Amino acid sequence: MAVTVILIGFMGAGKTAVGKKLSNELGFSFMDADFAVEKEMGMTIAEAFEQKGEGGFRKAEAAVTLKLLDEAATVRGGSVISLGGGAVTIEPVFERLKREPLVIFLDEDADAAFSRAHNGARPLAANRQKFRLLFYERKNLYQGAARFIVDTRGKGIDEVVAEIQGLLKQRADPG
Ligand code: S3P
């Protein structure tokens, strides 16, 4: 059976950077949902929000994310998927995540996340106050969808990747 490691968490939590490095270490393929949505829509996320509204973006994100999860199940050797920060707000995606065994929530601090995410490319990371509100609104969803929570506060990518590898090893070989 294909192993699929799914990274969830807020914007700026490091899902893409961690996912890339983790997939390298494991020899797994890497899929990034934001990248796949941009490819599918033929525009950047900022353009999608502007031209189609958040609803239009979420519709595409839902379809692409569910497709990626289906595809991952058939990838030989396994894969790591980094989801968009809002994927958990999409009901069918949330329900699907609850059935997946390796959903990992990268739990970052709101201010550290904001300084990484606030780079002009993310429409929902333009304003610190709004970002913080959304961060706390979403927390329960991440916790509800995840099997594992990795506290990434103050940690570098290598440390987070090593921790996830430890989790996976422990799960594969609990003794
Ligand atoms: C979003 C997160 C972004 C991207 C879009 C909306 C969100 O993904 O999908 O800007 O609603 O949290 P990252 O978490 O990869 O930045």
# chains A, B, ... in the order shown; residues from 1 in each chain; ligands from 1

$ residues_near_ligand --ligand "ligand 1" --cutoff "8 Å" --atoms "only C-alpha atoms and all ligand atoms" --output "list in words"
Ile8, Gly9, Phe10, Met11, Gly12, Ala13, Lys15, Thr16, Ala33, Asp34, Ile45, Ala46, Glu61, Ser82, Leu83, Gly84, Gly85, Gly86, Ala87, Ala117, Ala121, Arg122, Pro123, Leu124 and Ala125 of chain A

$ residues_around --residues "segment 96-99 of chain A" --least-positions-apart "3" --cutoff "8 Å" --atoms "only C-alpha atoms" --output "list in words"
Pro92, Val93, Val103, Gly144, Ala145 and Ala146 of chain A

$ closest_residue --among "A:Glu71, A:Val150, A:Leu26, A:Ala2" --to "Lys169 of chain A" --atoms "only C-alpha atoms"
A:Leu26

$ closest_residue --among "A:Ile81, A:Ala172, A:Ile157, A:Ala113" --to "Val5 of chain A" --atoms "only C-alpha atoms"
A:Ile81

$ closest_residue --among "A:Asn140, A:Thr89, A:Thr74, A:Ser79" --to "Lys59 of chain A" --atoms "only C-alpha atoms"
A:Thr89

$ atom_distance --atom1 "atom CA of Val88 of chain A" --atom2 "atom CA of Glu50 of chain A"
21.5 Å

$ residues_around --residues "Val37 of chain A" --least-positions-apart "3" --cutoff "9 Å" --atoms "only C-alpha atoms" --output "short mmCIF file (atom, residue, chain, number, x, y, z; two decimals) with C-alpha atoms, in the first residue's frame"
data_model
loop_
_atom_site.label_atom_id
_atom_site.label_comp_id
_atom_site.auth_asym_id
_atom_site.auth_seq_id
_atom_site.Cartn_x
_atom_site.Cartn_y
_atom_site.Cartn_z
CA ASP A 32 2.33 20.76 -3.32
CA ALA A 33 -1.38 21.53 -3.45
CA ASP A 34 -0.97 25.31 -3.94
CA GLU A 40 -4.98 23.88 -12.81
CA MET A 41 -6.35 27.45 -12.76
CA GLY A 42 -3.61 28.82 -15.02
CA MET A 43 -3.00 31.74 -12.66
CA THR A 44 -1.38 32.59 -9.35
CA ILE A 45 -3.33 32.27 -6.11
CA PHE A 57 -10.37 29.50 -5.43
CA ALA A 60 -10.62 24.60 -7.48
CA GLU A 61 -8.61 23.83 -4.33
CA ALA A 63 -11.12 19.40 -6.61
CA VAL A 64 -7.33 19.52 -6.95
CA THR A 65 -6.67 18.45 -3.35
#

$ select_by_dssp --residues "chain A" --states "strand (DSSP E or B)" --output "number ranges by chain"
A: 4-8, 29-32, 79-82, 103-107, 148-151

$ closest_residue --among "A:Arg58, A:Lys39, A:Arg76, A:Lys20" --to "Thr4 of chain A" --atoms "only C-alpha atoms"
A:Arg76
